[in-house]
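Heads up, the thing below is written out as structure tokens.
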Amino acid sequence: MDISEGSIAVRGRGKNKRKWIPVEDDELIKALVDVSLDSRWSDGSFKNGYTSVLEVRLAEKLPDSRISATPHIDSRLRYFKTKYSALEQMLNKSRFTWDPTKKMIQCEKQQYETHCKNNPDAKGLYGVSFPYYDELSMVYSKDMATGEGAEDMTDAVKNLEEELVCVNANDEEVGEDMTSVETPRRSVDSTSSSSKKRKKEWKGMKTASSDLLLDVFNEVSGDLKVATMSIGKMAQAMDREASNQEKARDEDPQQKLREKAINEVRRLEFTGSEIIKAAIVFVRMPDQMGMLFALPKPLRREYIVDMLRDEAARRERGQSEGASLAV
């Protein structure tokens, strides 16, 4: 069973909905990978207007599909990203594994169903092939390290201050309520004396309570500010390290050759999955890149096809040897 669906444009109510067929999904993902590697449209995250580029690419490959950036491509990419994120979340837990051959999650069904109770986005992924996991990992893996809606240190301190203000205000209201409660009176003097005494006692209690809360707040606030400064310094150090690594990578001739080789594989119109596999081979056997560019352009596609076939055979032999050793 495959998670890809067929393509039918729905008419009438809900007319913006569309059922995608595998060939359309294939072309969409292939175009998405290409655009993600294009610095004009992506610098770690996509730039505004990139879905319009995808629309043009699909129009070239599938001229009769009438797929538009909005709502068709936007909706389909949201679906793929949601399911990819759900897979990543499961794979970060123990006892969830990925089957690269079947392209599906591997786990006990009961474990999966328990996970889905609190993670509804993961529904529909058990026993179902997700053929674009490798390509989407290449595109979206950087986004998974960040989240939206997180409260930062400054917001936390501000919210704590507001809560303490509310607590003090509520204390004052309670104090006024307590001094206004009527009690059986023996005389005007005794009532006045008792009221003043209660006010004095409550004032002392309120002051002690407020002082304690303020002490706690000041201590927590100070710790939060120190932590914020430390995190800020850590972030700056990480940025500098990332910048240094990027600079070193840009100056590395081997890295430049790899980028040139990957661009050549893209030019030869291989799929996103094939591009990833070729990149893995280039890292493991750098001489393959030199041989690629030594060949005339008409022969390069055949060379890459043979290289990928040899790599697949090598992996299959490795798996067979591993299985025999296990027996």
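Ordering of the structure tokens sets the chain letters (A, B, ...), residue numbers begin anew at 1 in every chain, and ligands are numbered from 1 in the order given.
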
Contacts of region 133-135 of chain A within 10 Å, only C-alpha atoms, excl. fewer than 4 positions in-chain, as an MDAnalysis selection string = chainID A and resid 29:30 32:33 80:81 83:84 87:88 98 100 103:104 129 139:141 271:277

Resulting file, chosen residues, N, CA and C atoms, as a JSON list (two decimals), in the first residue's frame:
[["chain", "number", "residue", "atom", "x", "y", "z"],
["A", 29, "ILE", "N", 7.73, 16.50, -5.99],
["A", 29, "ILE", "CA", 8.84, 16.29, -5.07],
["A", 29, "ILE", "C", 10.18, 16.52, -5.77],
["A", 30, "LYS", "N", 10.28, 16.09, -7.01],
["A", 30, "LYS", "CA", 11.51, 16.32, -7.76],
["A", 30, "LYS", "C", 11.78, 17.81, -7.91],
["A", 32, "LEU", "N", 10.58, 20.16, -5.99],
["A", 32, "LEU", "CA", 10.82, 20.71, -4.65],
["A", 32, "LEU", "C", 12.29, 20.55, -4.25],
["A", 33, "VAL", "N", 12.85, 19.38, -4.50],
["A", 33, "VAL", "CA", 14.27, 19.14, -4.18],
["A", 33, "VAL", "C", 15.16, 20.09, -4.99],
["A", 80, "PHE", "N", 2.45, 16.77, 2.92],
["A", 80, "PHE", "CA", 3.71, 16.03, 2.96],
["A", 80, "PHE", "C", 4.57, 16.43, 4.16],
["A", 81, "LYS", "N", 4.63, 17.72, 4.45],
["A", 81, "LYS", "CA", 5.45, 18.17, 5.57],
["A", 81, "LYS", "C", 4.89, 17.69, 6.90],
["A", 83, "LYS", "N", 3.12, 14.90, 7.41],
["A", 83, "LYS", "CA", 3.39, 13.48, 7.55],
["A", 83, "LYS", "C", 4.88, 13.21, 7.77],
["A", 84, "TYR", "N", 5.73, 13.99, 7.10],
["A", 84, "TYR", "CA", 7.17, 13.83, 7.33],
["A", 84, "TYR", "C", 7.53, 14.16, 8.78],
["A", 87, "LEU", "N", 6.56, 11.34, 11.04],
["A", 87, "LEU", "CA", 7.52, 10.24, 10.95],
["A", 87, "LEU", "C", 8.79, 10.55, 11.74],
["A", 88, "GLU", "N", 9.29, 11.77, 11.59],
["A", 88, "GLU", "CA", 10.50, 12.16, 12.32],
["A", 88, "GLU", "C", 10.28, 12.07, 13.83],
["A", 98, "TRP", "N", 12.91, 2.72, 10.72],
["A", 98, "TRP", "CA", 12.52, 2.99, 9.34],
["A", 98, "TRP", "C", 13.02, 1.87, 8.44],
["A", 100, "PRO", "N", 14.09, 1.11, 4.94],
["A", 100, "PRO", "CA", 14.43, 1.85, 3.71],
["A", 100, "PRO", "C", 14.00, 1.13, 2.43],
["A", 103, "LYS", "N", 10.05, 1.53, 2.61],
["A", 103, "LYS", "CA", 9.75, 2.96, 2.79],
["A", 103, "LYS", "C", 8.58, 3.15, 3.75],
["A", 104, "MET", "N", 8.67, 2.51, 4.92],
["A", 104, "MET", "CA", 7.60, 2.66, 5.90],
["A", 104, "MET", "C", 8.13, 2.50, 7.32],
["A", 129, "SER", "N", 3.37, 2.70, 2.80],
["A", 129, "SER", "CA", 4.63, 3.21, 2.25],
["A", 129, "SER", "C", 4.58, 4.73, 2.12],
["A", 139, "VAL", "N", 14.93, 18.11, 2.21],
["A", 139, "VAL", "CA", 14.33, 19.45, 2.09],
["A", 139, "VAL", "C", 14.00, 20.05, 3.45],
["A", 140, "TYR", "N", 13.39, 19.23, 4.34],
["A", 140, "TYR", "CA", 12.80, 19.79, 5.55],
["A", 140, "TYR", "C", 13.56, 19.50, 6.85],
["A", 141, "SER", "N", 14.64, 18.72, 6.80],
["A", 141, "SER", "CA", 15.29, 18.32, 8.05],
["A", 141, "SER", "C", 15.74, 19.50, 8.89],
["A", 271, "THR", "N", 16.10, 11.48, -10.35],
["A", 271, "THR", "CA", 15.13, 11.78, -9.30],
["A", 271, "THR", "C", 15.85, 12.25, -8.04],
["A", 272, "GLY", "N", 15.08, 12.83, -7.13],
["A", 272, "GLY", "CA", 15.67, 13.30, -5.88],
["A", 272, "GLY", "C", 16.34, 12.18, -5.11],
["A", 273, "SER", "N", 15.70, 11.00, -5.08],
["A", 273, "SER", "CA", 16.28, 9.86, -4.37],
["A", 273, "SER", "C", 17.59, 9.42, -5.02],
["A", 274, "GLU", "N", 17.64, 9.44, -6.34],
["A", 274, "GLU", "CA", 18.87, 9.06, -7.04],
["A", 274, "GLU", "C", 19.97, 10.08, -6.82],
["A", 275, "ILE", "N", 19.60, 11.36, -6.72],
["A", 275, "ILE", "CA", 20.61, 12.40, -6.44],
["A", 275, "ILE", "C", 21.24, 12.17, -5.07],
["A", 276, "ILE", "N", 20.40, 11.82, -4.09],
["A", 276, "ILE", "CA", 20.91, 11.57, -2.74],
["A", 276, "ILE", "C", 21.87, 10.38, -2.74],
["A", 277, "LYS", "N", 21.47, 9.30, -3.42],
["A", 277, "LYS", "CA", 22.33, 8.11, -3.48],
["A", 277, "LYS", "C", 23.65, 8.41, -4.18]]

Using DSSP on the backbone coordinates, identify the residues of region 9-140 of chain A assigned to alpha helix (DSSP H); present them as a count of residues only.
-> 63

Polymer residues at most 12 Å from region 292-298 of chain A, only C-alpha atoms, same-chain spacing of 2 or more positions, as an mmCIF file with all heavy atoms, in the first residue's frame:
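Okay, part_20.cif is ready:
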data_model
loop_
_atom_site.group_PDB
_atom_site.id
_atom_site.type_symbol
_atom_site.label_atom_id
_atom_site.label_comp_id
_atom_site.auth_asym_id
_atom_site.auth_seq_id
_atom_site.Cartn_x
_atom_site.Cartn_y
_atom_site.Cartn_z
ATOM 1 N N LEU A 257 33.871 20.474 -5.581
ATOM 2 C CA LEU A 257 33.753 19.422 -6.592
ATOM 3 C C LEU A 257 32.482 18.619 -6.370
ATOM 4 O O LEU A 257 31.790 18.252 -7.331
ATOM 5 C CB LEU A 257 34.976 18.505 -6.540
ATOM 6 C CG LEU A 257 35.016 17.371 -7.579
ATOM 7 C CD1 LEU A 257 34.965 17.932 -8.995
ATOM 8 C CD2 LEU A 257 36.269 16.516 -7.380
ATOM 9 N N ARG A 258 32.165 18.346 -5.093
ATOM 10 C CA ARG A 258 30.928 17.607 -4.794
ATOM 11 C C ARG A 258 29.707 18.385 -5.262
ATOM 12 O O ARG A 258 28.767 17.825 -5.835
ATOM 13 C CB ARG A 258 30.833 17.312 -3.293
ATOM 14 C CG ARG A 258 31.667 16.121 -2.840
ATOM 15 C CD ARG A 258 31.280 15.663 -1.461
ATOM 16 N NE ARG A 258 31.662 16.630 -0.442
ATOM 17 C CZ ARG A 258 32.793 16.597 0.236
ATOM 18 N NH1 ARG A 258 33.676 15.644 -0.010
ATOM 19 N NH2 ARG A 258 33.069 17.505 1.154
ATOM 20 N N LYS A 260 29.569 20.616 -7.597
ATOM 21 C CA LYS A 260 29.561 20.610 -9.060
ATOM 22 C C LYS A 260 29.023 19.278 -9.587
ATOM 23 O O LYS A 260 28.226 19.235 -10.545
ATOM 24 C CB LYS A 260 30.983 20.854 -9.570
ATOM 25 C CG LYS A 260 31.073 20.946 -11.101
ATOM 26 C CD LYS A 260 32.516 21.196 -11.530
ATOM 27 C CE LYS A 260 32.622 21.236 -13.060
ATOM 28 N NZ LYS A 260 34.031 21.431 -13.500
ATOM 29 N N ALA A 261 29.444 18.182 -8.944
ATOM 30 C CA ALA A 261 28.998 16.849 -9.369
ATOM 31 C C ALA A 261 27.501 16.676 -9.140
ATOM 32 O O ALA A 261 26.786 16.130 -9.992
ATOM 33 C CB ALA A 261 29.780 15.771 -8.623
ATOM 34 N N ILE A 262 26.991 17.139 -7.990
ATOM 35 C CA ILE A 262 25.558 17.024 -7.699
ATOM 36 C C ILE A 262 24.747 17.849 -8.681
ATOM 37 O O ILE A 262 23.683 17.421 -9.160
ATOM 38 C CB ILE A 262 25.284 17.449 -6.246
ATOM 39 C CG1 ILE A 262 25.870 16.415 -5.278
ATOM 40 C CG2 ILE A 262 23.776 17.593 -5.996
ATOM 41 C CD1 ILE A 262 25.818 16.826 -3.827
ATOM 42 N N ASN A 263 25.238 19.038 -9.003
ATOM 43 C CA ASN A 263 24.537 19.872 -9.991
ATOM 44 C C ASN A 263 24.500 19.187 -11.362
ATOM 45 O O ASN A 263 23.513 19.307 -12.099
ATOM 46 C CB ASN A 263 25.216 21.242 -10.106
ATOM 47 C CG ASN A 263 24.914 22.131 -8.920
ATOM 48 O OD1 ASN A 263 23.866 21.998 -8.286
ATOM 49 N ND2 ASN A 263 25.811 23.040 -8.610
ATOM 50 N N GLU A 264 25.561 18.459 -11.671
ATOM 51 C CA GLU A 264 25.598 17.741 -12.947
ATOM 52 C C GLU A 264 24.574 16.602 -12.953
ATOM 53 O O GLU A 264 23.882 16.374 -13.949
ATOM 54 C CB GLU A 264 27.004 17.185 -13.189
ATOM 55 C CG GLU A 264 27.159 16.401 -14.487
ATOM 56 C CD GLU A 264 26.963 17.253 -15.735
ATOM 57 O OE1 GLU A 264 26.952 18.506 -15.616
ATOM 58 O OE2 GLU A 264 26.817 16.679 -16.828
ATOM 59 N N VAL A 265 24.452 15.906 -11.810
ATOM 60 C CA VAL A 265 23.459 14.823 -11.704
ATOM 61 C C VAL A 265 22.047 15.391 -11.828
ATOM 62 O O VAL A 265 21.174 14.797 -12.459
ATOM 63 C CB VAL A 265 23.631 14.055 -10.381
ATOM 64 C CG1 VAL A 265 22.553 12.985 -10.227
ATOM 65 C CG2 VAL A 265 25.008 13.405 -10.318
ATOM 66 N N ARG A 267 21.264 18.087 -13.487
ATOM 67 C CA ARG A 267 21.099 18.476 -14.887
ATOM 68 C C ARG A 267 20.704 17.282 -15.752
ATOM 69 O O ARG A 267 19.954 17.428 -16.735
ATOM 70 C CB ARG A 267 22.407 19.083 -15.405
ATOM 71 C CG ARG A 267 22.302 19.677 -16.820
ATOM 72 C CD ARG A 267 23.667 20.066 -17.353
ATOM 73 N NE ARG A 267 24.503 18.910 -17.617
ATOM 74 C CZ ARG A 267 24.406 18.133 -18.702
ATOM 75 N NH1 ARG A 267 23.481 18.396 -19.625
ATOM 76 N NH2 ARG A 267 25.216 17.103 -18.875
ATOM 77 N N LEU A 268 21.185 16.110 -15.370
ATOM 78 C CA LEU A 268 20.889 14.893 -16.123
ATOM 79 C C LEU A 268 19.506 14.336 -15.792
ATOM 80 O O LEU A 268 19.148 13.254 -16.258
ATOM 81 C CB LEU A 268 21.968 13.838 -15.845
ATOM 82 C CG LEU A 268 23.382 14.208 -16.341
ATOM 83 C CD1 LEU A 268 24.407 13.218 -15.824
ATOM 84 C CD2 LEU A 268 23.415 14.272 -17.862
ATOM 85 N N ALA A 278 23.582 9.210 -5.244
ATOM 86 C CA ALA A 278 24.812 9.581 -5.941
ATOM 87 C C ALA A 278 25.722 10.408 -5.035
ATOM 88 O O ALA A 278 26.951 10.218 -5.022
ATOM 89 C CB ALA A 278 24.469 10.366 -7.214
ATOM 90 N N PHE A 282 29.603 9.752 -3.918
ATOM 91 C CA PHE A 282 30.661 10.744 -4.118
ATOM 92 C C PHE A 282 31.453 10.985 -2.837
ATOM 93 O O PHE A 282 32.669 11.184 -2.875
ATOM 94 C CB PHE A 282 30.056 12.058 -4.609
ATOM 95 C CG PHE A 282 29.503 11.990 -6.014
ATOM 96 C CD1 PHE A 282 28.451 12.805 -6.397
ATOM 97 C CD2 PHE A 282 30.036 11.105 -6.946
ATOM 98 C CE1 PHE A 282 27.937 12.753 -7.682
ATOM 99 C CE2 PHE A 282 29.533 11.041 -8.234
ATOM 100 C CZ PHE A 282 28.472 11.860 -8.613
ATOM 101 N N MET A 285 33.454 7.629 -2.374
ATOM 102 C CA MET A 285 34.449 7.378 -3.419
ATOM 103 C C MET A 285 34.632 8.648 -4.264
ATOM 104 O O MET A 285 34.017 8.797 -5.329
ATOM 105 C CB MET A 285 33.998 6.202 -4.303
ATOM 106 C CG MET A 285 33.933 4.879 -3.556
ATOM 107 S SD MET A 285 33.554 3.459 -4.656
ATOM 108 C CE MET A 285 31.867 3.840 -5.118
ATOM 109 N N PRO A 286 35.430 9.598 -3.795
ATOM 110 C CA PRO A 286 35.603 10.888 -4.490
ATOM 111 C C PRO A 286 36.119 10.745 -5.922
ATOM 112 O O PRO A 286 35.863 11.615 -6.759
ATOM 113 C CB PRO A 286 36.626 11.622 -3.610
ATOM 114 C CG PRO A 286 36.546 10.957 -2.276
ATOM 115 C CD PRO A 286 36.206 9.530 -2.553
ATOM 116 N N ASP A 287 36.835 9.644 -6.227
ATOM 117 C CA ASP A 287 37.369 9.468 -7.578
ATOM 118 C C ASP A 287 36.264 9.385 -8.624
ATOM 119 O O ASP A 287 36.495 9.669 -9.819
ATOM 120 C CB ASP A 287 38.237 8.206 -7.654
ATOM 121 C CG ASP A 287 39.537 8.363 -6.871
ATOM 122 O OD1 ASP A 287 39.873 9.518 -6.546
ATOM 123 O OD2 ASP A 287 40.193 7.354 -6.579
ATOM 124 N N GLN A 288 35.075 8.985 -8.198
ATOM 125 C CA GLN A 288 33.955 8.877 -9.131
ATOM 126 C C GLN A 288 33.614 10.240 -9.741
ATOM 127 O O GLN A 288 33.192 10.331 -10.888
ATOM 128 C CB GLN A 288 32.714 8.315 -8.404
ATOM 129 C CG GLN A 288 32.889 6.891 -7.896
ATOM 130 C CD GLN A 288 32.656 5.861 -8.988
ATOM 131 O OE1 GLN A 288 32.792 6.162 -10.172
ATOM 132 N NE2 GLN A 288 32.315 4.647 -8.613
ATOM 133 N N MET A 289 33.803 11.311 -8.948
ATOM 134 C CA MET A 289 33.492 12.657 -9.456
ATOM 135 C C MET A 289 34.477 13.056 -10.550
ATOM 136 O O MET A 289 34.090 13.631 -11.576
ATOM 137 C CB MET A 289 33.528 13.666 -8.304
ATOM 138 C CG MET A 289 32.443 13.451 -7.259
ATOM 139 S SD MET A 289 32.441 14.704 -5.960
ATOM 140 C CE MET A 289 33.916 14.253 -5.039
ATOM 141 N N GLY A 290 35.749 12.763 -10.320
ATOM 142 C CA GLY A 290 36.750 13.085 -11.332
ATOM 143 C C GLY A 290 36.494 12.342 -12.631
ATOM 144 O O GLY A 290 36.624 12.904 -13.732
ATOM 145 N N ARG A 300 27.773 10.781 -19.663
ATOM 146 C CA ARG A 300 27.743 10.953 -18.203
ATOM 147 C C ARG A 300 26.513 10.326 -17.559
ATOM 148 O O ARG A 300 26.589 9.764 -16.468
ATOM 149 C CB ARG A 300 27.826 12.446 -17.850
ATOM 150 C CG ARG A 300 29.189 13.041 -18.160
ATOM 151 C CD ARG A 300 29.261 14.521 -17.858
ATOM 152 N NE ARG A 300 30.566 15.077 -18.210
ATOM 153 C CZ ARG A 300 30.889 16.369 -18.095
ATOM 154 N NH1 ARG A 300 29.982 17.233 -17.640
ATOM 155 N NH2 ARG A 300 32.091 16.777 -18.448
ATOM 156 N N ARG A 301 25.365 10.413 -18.234
ATOM 157 C CA ARG A 301 24.158 9.827 -17.641
ATOM 158 C C ARG A 301 24.314 8.308 -17.500
ATOM 159 O O ARG A 301 23.971 7.726 -16.455
ATOM 160 C CB ARG A 301 22.932 10.157 -18.477
ATOM 161 C CG ARG A 301 21.657 9.555 -17.896
ATOM 162 C CD ARG A 301 20.397 9.970 -18.619
ATOM 163 N NE ARG A 301 19.258 9.342 -17.996
ATOM 164 C CZ ARG A 301 18.646 9.767 -16.912
ATOM 165 N NH1 ARG A 301 19.061 10.870 -16.313
ATOM 166 N NH2 ARG A 301 17.620 9.102 -16.403
ATOM 167 N N GLU A 302 24.841 7.660 -18.549
ATOM 168 C CA GLU A 302 25.046 6.213 -18.497
ATOM 169 C C GLU A 302 26.030 5.845 -17.386
ATOM 170 O O GLU A 302 25.865 4.828 -16.696
ATOM 171 C CB GLU A 302 25.563 5.724 -19.846
ATOM 172 C CG GLU A 302 25.729 4.205 -19.916
ATOM 173 C CD GLU A 302 26.227 3.742 -21.272
ATOM 174 O OE1 GLU A 302 26.326 4.595 -22.191
ATOM 175 O OE2 GLU A 302 26.501 2.537 -21.416
ATOM 176 N N TYR A 303 27.030 6.696 -17.183
ATOM 177 C CA TYR A 303 28.014 6.451 -16.125
ATOM 178 C C TYR A 303 27.352 6.479 -14.742
ATOM 179 O O TYR A 303 27.615 5.612 -13.895
ATOM 180 C CB TYR A 303 29.119 7.506 -16.204
ATOM 181 C CG TYR A 303 30.182 7.347 -15.144
ATOM 182 C CD1 TYR A 303 31.168 6.366 -15.253
ATOM 183 C CD2 TYR A 303 30.200 8.181 -14.029
ATOM 184 C CE1 TYR A 303 32.140 6.217 -14.278
ATOM 185 C CE2 TYR A 303 31.164 8.037 -13.052
ATOM 186 C CZ TYR A 303 32.133 7.059 -13.178
ATOM 187 O OH TYR A 303 33.095 6.901 -12.216
ATOM 188 N N ILE A 304 26.487 7.476 -14.524
ATOM 189 C CA ILE A 304 25.795 7.579 -13.230
ATOM 190 C C ILE A 304 24.853 6.398 -13.025
ATOM 191 O O ILE A 304 24.753 5.848 -11.917
ATOM 192 C CB ILE A 304 25.008 8.909 -13.137
ATOM 193 C CG1 ILE A 304 25.972 10.096 -13.149
ATOM 194 C CG2 ILE A 304 24.158 8.953 -11.866
ATOM 195 C CD1 ILE A 304 26.930 10.143 -11.986
ATOM 196 N N VAL A 305 24.149 5.985 -14.081
ATOM 197 C CA VAL A 305 23.254 4.826 -13.983
ATOM 198 C C VAL A 305 24.034 3.586 -13.558
ATOM 199 O O VAL A 305 23.619 2.831 -12.664
ATOM 200 C CB VAL A 305 22.529 4.585 -15.329
ATOM 201 C CG1 VAL A 305 21.793 3.247 -15.303
ATOM 202 C CG2 VAL A 305 21.553 5.714 -15.622
ATOM 203 N N ASP A 306 25.191 3.346 -14.194
ATOM 204 C CA ASP A 306 26.024 2.198 -13.831
ATOM 205 C C ASP A 306 26.531 2.318 -12.399
ATOM 206 O O ASP A 306 26.593 1.326 -11.656
ATOM 207 C CB ASP A 306 27.209 2.077 -14.797
ATOM 208 C CG ASP A 306 26.783 1.642 -16.196
ATOM 209 O OD1 ASP A 306 25.666 1.098 -16.322
ATOM 210 O OD2 ASP A 306 27.554 1.863 -17.147
ATOM 211 N N MET A 307 26.910 3.515 -12.001
ATOM 212 C CA MET A 307 27.417 3.737 -10.651
ATOM 213 C C MET A 307 26.347 3.415 -9.610
ATOM 214 O O MET A 307 26.612 2.750 -8.595
ATOM 215 C CB MET A 307 27.869 5.196 -10.502
ATOM 216 C CG MET A 307 28.484 5.515 -9.146
ATOM 217 S SD MET A 307 28.868 7.286 -8.964
ATOM 218 C CE MET A 307 27.213 7.936 -8.654
#
